[in-house]
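Peer 1: Can you keep this structure in mind? I'll have questions shortly.
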Amino acid sequence: MRAAARRRGGRRHGVTVGVDVGGTTTAVGLVTREGDVIVDASAPTRAGERDPLETIVGLIAEVTSRAGTSARSIAAVGVGVPGPVDAERGIVGEPVTHIPELAGRPLAAELGGRVGLPVVVDNDVNALALGEATLGAARGARSLVVLSTGTGIGAGIVLEGRLVRGAAGFGGELGHTPVKFDGPRCWCGLRGCLAFYASGRGIADIARSRIGGDARTTLLKAAGGDPSGLTAAMVFRAAHEGDGLAVSIVDEACQALGAMMGTIVNGLNPEVLIVTGGVVESFARLEAKILRAAGEYAFPRALASTRIEIVPGDKRASVRGAAALAFYEQAVDVRRTRP
Ligand SMILES: [Zn+2]
């Protein structure tokens with residue numbers, strides 16, 4: 001314990017680089033041991049044919065030069081990427097639906113070779129959960145689940161202060177939990193998944209498939225008459241304006257999300273459950289409806305003992321999470337090597 005404290009204390013004034021690799025945008029920041037993002041930058045994950053690794057390397061160079069920090073004072077780099085990750089070996093799993101260029105690659109070794117620093121890679125929502133539990137809104141909570149709905153849906157689980165990665169890196173892949181046994185095939189190949197009903201991609205896909213040739217619907221007008229242009233934001237807006245089809249899709253999304261929250265609360269009963277992600281901005285005004293749905297599927301006493309926060313996604317929180325991953329691995333290493 002003393003060794004751990006000494007080692008961590010010794011790095012207190014150093015900074016860590018946090019990298020959040022998203023399907024469209026990659027964000028990088030320098031993060032202090034206290035969780036402050038002192039400088040950050042972002043860029044499109046891929047510019048034309050450019051490899052996403054080059055985007056990461058370029059952004060790290062940009063933030064370190066802007067902060068005037070020499071590479072020597074940076075302790076490590078933490079990277080969050082979507083989908084399952086073999087964190088032990090630093091290999092991105094397959095499939096990575098939204099960033100296929102990274103699938104199967106030893107990203108920790110590749111990036112480490114380029115920047116000359118230790119690199120830890122894990123799932124982006126695992127990183128976010130660690131960030132919230134150690135440096136963010138749920139600081140001090142021993143158990144926490146983050147459910148993030150953006151293009152897809154991911155989750156991160158921290159129990160008794162430990163990140164739950166599972167045997168092959170699938171720990172927290174709650175987006176592909178069935179919420180409808182007889183539901184259609186999800187893009188992941190499974191059936192009736194939560195992500196199919198309540199993620200940005202899922203909501204847009206469902207709207208497209210149900211709109212048919214009904215030219216009267218506000219939804220089709222919102223998409224300029226072309227269903228392929230439909231987005232989840234348009235569906236939420238149309239629902240707010242009272243379009244019947246959009247209302248039914250959004251109601252179903254809230255119900256699916258509530259069912260997942262009930263499963264999490266009953267099964268893990270975490271101190272804190274954070275629902276976040278890009279789509280949550282649209283879900284936020286539906287908070288009462290989502291909580292009502294969660295109440296239909298959770299034991300009342302379990303639900304009452306879990307603090308639920310529904311907050312829009314925030315790139316800086318994701319960057320802080322990626323940095324928290326590197327801090328966490330340092331602490332785990334110290335525990336492993338402790339005599
Ligand atoms: Zn699925």
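Please note that chains go A, B, ... in the order of the structure tokens, that every chain numbers its residues from 1, and that ligands are numbered from 1 in the order shown.
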What are the nearest atom pairs, with distances in Å to one decimal, for all residues of chain A that come at most 10 Å from ligand 1, using only C-alpha atoms and all ligand atoms, set out by chain and rising residue number as CSV?
Peer 2:
residue,atom,partner,partner_atom_place_in_ligand_line,distance
A:Gly152,CA,ligand 1,1 (Zn),9.0
A:Ile153,CA,ligand 1,1 (Zn),9.2
A:Glu173,CA,ligand 1,1 (Zn),9.5
A:Leu174,CA,ligand 1,1 (Zn),9.2
A:Gly175,CA,ligand 1,1 (Zn),6.7
A:His176,CA,ligand 1,1 (Zn),4.1
A:Thr177,CA,ligand 1,1 (Zn),7.2
A:Pro178,CA,ligand 1,1 (Zn),7.9
A:Pro184,CA,ligand 1,1 (Zn),9.9
A:Arg185,CA,ligand 1,1 (Zn),7.5
A:Cys186,CA,ligand 1,1 (Zn),4.5
A:Trp187,CA,ligand 1,1 (Zn),5.9
A:Cys188,CA,ligand 1,1 (Zn),4.3
A:Gly189,CA,ligand 1,1 (Zn),6.2
A:Leu190,CA,ligand 1,1 (Zn),5.1
A:Arg191,CA,ligand 1,1 (Zn),6.5
A:Gly192,CA,ligand 1,1 (Zn),7.2
A:Cys193,CA,ligand 1,1 (Zn),4.6
A:Leu194,CA,ligand 1,1 (Zn),7.1
A:Ala195,CA,ligand 1,1 (Zn),6.0
A:Phe196,CA,ligand 1,1 (Zn),6.4
A:Tyr197,CA,ligand 1,1 (Zn),9.7
A:Gly202,CA,ligand 1,1 (Zn),9.6
Peer 1: Would you please give, as a ChimeraX atom specification, all residues of range 83-317 of chain A that DSSP assigns to alpha helix (DSSP H) based on the backbone?
Peer 2: /A:107-115,124-134,194-198,200-211,218-222,232-240,244-268,280-283,287-297,300-305,315-317
Peer 1: Now that the selection is made, can you save its residues with C-alpha atoms as a tab-separated table (two decimals), in the first residue's frame?
Peer 2:
chain	number	residue	atom	x	y	z
A	107	LEU	CA	-2.82	-0.16	-31.19
A	108	ALA	CA	-0.92	0.09	-27.87
A	109	ALA	CA	2.31	-1.17	-29.50
A	110	GLU	CA	1.86	0.86	-32.69
A	111	LEU	CA	1.13	4.13	-30.87
A	112	GLY	CA	3.75	3.45	-28.18
A	113	GLY	CA	6.37	2.99	-30.91
A	114	ARG	CA	5.43	6.34	-32.43
A	115	VAL	CA	5.30	8.48	-29.27
A	124	ASP	CA	-14.15	3.96	-24.72
A	125	VAL	CA	-17.06	3.52	-22.31
A	126	ASN	CA	-14.91	1.43	-19.92
A	127	ALA	CA	-12.54	4.40	-19.90
A	128	LEU	CA	-15.41	6.83	-19.32
A	129	ALA	CA	-16.70	4.74	-16.39
A	130	LEU	CA	-13.25	4.77	-14.78
A	131	GLY	CA	-13.01	8.52	-15.36
A	132	GLU	CA	-16.38	9.18	-13.73
A	133	ALA	CA	-15.61	6.87	-10.78
A	134	THR	CA	-12.13	8.25	-10.07
A	194	LEU	CA	-31.05	-2.61	-27.16
A	195	ALA	CA	-28.82	-0.74	-29.66
A	196	PHE	CA	-31.27	-1.56	-32.43
A	197	TYR	CA	-34.03	0.37	-30.58
A	198	ALA	CA	-32.28	3.12	-28.62
A	200	GLY	CA	-28.68	6.93	-32.93
A	201	ARG	CA	-28.09	4.47	-35.74
A	202	GLY	CA	-30.89	2.16	-34.55
A	203	ILE	CA	-33.49	4.93	-34.23
A	204	ALA	CA	-32.69	6.25	-37.72
A	205	ASP	CA	-32.79	2.72	-39.20
A	206	ILE	CA	-36.16	1.94	-37.60
A	207	ALA	CA	-37.63	5.23	-38.83
A	208	ARG	CA	-36.43	4.46	-42.35
A	209	SER	CA	-37.91	0.96	-42.30
A	210	ARG	CA	-41.30	2.09	-40.95
A	211	ILE	CA	-41.78	5.25	-42.97
A	218	THR	CA	-43.51	14.99	-40.88
A	219	LEU	CA	-40.54	12.61	-40.74
A	220	LEU	CA	-40.26	12.25	-44.49
A	221	LYS	CA	-40.60	16.02	-44.93
A	222	ALA	CA	-37.87	16.59	-42.32
A	232	ALA	CA	-32.15	10.19	-34.92
A	233	ALA	CA	-32.25	13.94	-34.12
A	234	MET	CA	-34.93	14.40	-36.81
A	235	VAL	CA	-36.98	11.57	-35.27
A	236	PHE	CA	-36.79	13.18	-31.80
A	237	ARG	CA	-37.74	16.58	-33.24
A	238	ALA	CA	-40.70	15.15	-35.16
A	239	ALA	CA	-41.85	13.31	-32.01
A	240	HIS	CA	-41.68	16.58	-30.07
A	244	GLY	CA	-47.41	9.80	-34.64
A	245	LEU	CA	-44.78	7.51	-36.16
A	246	ALA	CA	-41.92	9.42	-34.52
A	247	VAL	CA	-43.70	9.38	-31.15
A	248	SER	CA	-44.07	5.59	-31.32
A	249	ILE	CA	-40.35	5.14	-32.20
A	250	VAL	CA	-39.20	7.45	-29.38
A	251	ASP	CA	-41.59	5.79	-26.88
A	252	GLU	CA	-40.14	2.42	-27.83
A	253	ALA	CA	-36.58	3.78	-27.40
A	254	CYS	CA	-37.41	5.10	-23.91
A	255	GLN	CA	-38.99	1.78	-22.97
A	256	ALA	CA	-35.94	-0.17	-24.24
A	257	LEU	CA	-33.57	2.11	-22.32
A	258	GLY	CA	-35.73	1.78	-19.18
A	259	ALA	CA	-35.66	-2.03	-19.50
A	260	MET	CA	-31.85	-1.98	-19.71
A	261	MET	CA	-31.65	0.34	-16.70
A	262	GLY	CA	-33.90	-2.06	-14.78
A	263	THR	CA	-31.60	-4.96	-15.70
A	264	ILE	CA	-28.54	-3.03	-14.51
A	265	VAL	CA	-30.18	-1.93	-11.26
A	266	ASN	CA	-31.55	-5.40	-10.45
A	267	GLY	CA	-28.44	-7.29	-11.51
A	268	LEU	CA	-25.65	-5.07	-10.21
A	280	VAL	CA	-28.79	11.69	-24.68
A	281	GLU	CA	-29.14	15.37	-25.54
A	282	SER	CA	-32.36	14.32	-27.29
A	283	PHE	CA	-33.29	11.89	-24.50
A	287	GLU	CA	-36.06	11.93	-18.46
A	288	ALA	CA	-39.40	11.45	-16.66
A	289	LYS	CA	-40.55	8.96	-19.28
A	290	ILE	CA	-37.27	6.98	-19.12
A	291	LEU	CA	-37.32	6.87	-15.33
A	292	ARG	CA	-40.94	5.73	-15.40
A	293	ALA	CA	-39.96	2.92	-17.77
A	294	ALA	CA	-37.00	1.97	-15.53
A	295	GLY	CA	-39.48	1.77	-12.65
A	296	GLU	CA	-41.48	-0.85	-14.56
A	297	TYR	CA	-38.45	-3.17	-14.76
A	300	PRO	CA	-38.24	-0.37	-6.21
A	301	ARG	CA	-35.73	-0.71	-3.35
A	302	ALA	CA	-32.86	-1.42	-5.75
A	303	LEU	CA	-33.87	1.56	-7.91
A	304	ALA	CA	-34.16	3.86	-4.90
A	305	SER	CA	-30.64	2.98	-3.77
A	315	LYS	CA	-15.82	15.05	-25.20
A	316	ARG	CA	-13.76	16.39	-22.29
A	317	ALA	CA	-15.25	13.73	-19.98
Peer 1: Fewer than 4 positions away in the same chain doesn't count, so skip those; otherwise give me all residues within 12 Å of Arg89 in chain A, counting only C-alpha atoms, as a list in words.
Peer 2: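 Returned residues: Val85, Gly93, Gly104, Arg105, Pro106, Leu107, Ala108, Ala109, Glu110, Val119, Val120, Val121, Asp122, Ala168 and Gly169 of chain A.
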Peer 1: Hey, what does DSSP flag as strand (DSSP E or B) within range 76-269 of chain A? Can you give it to me as a PyMOL selection string?
Peer 2: chain A and resi 76-81+85-86+91-92+119-123+144-149+153-159+162-163+178+185+191+193
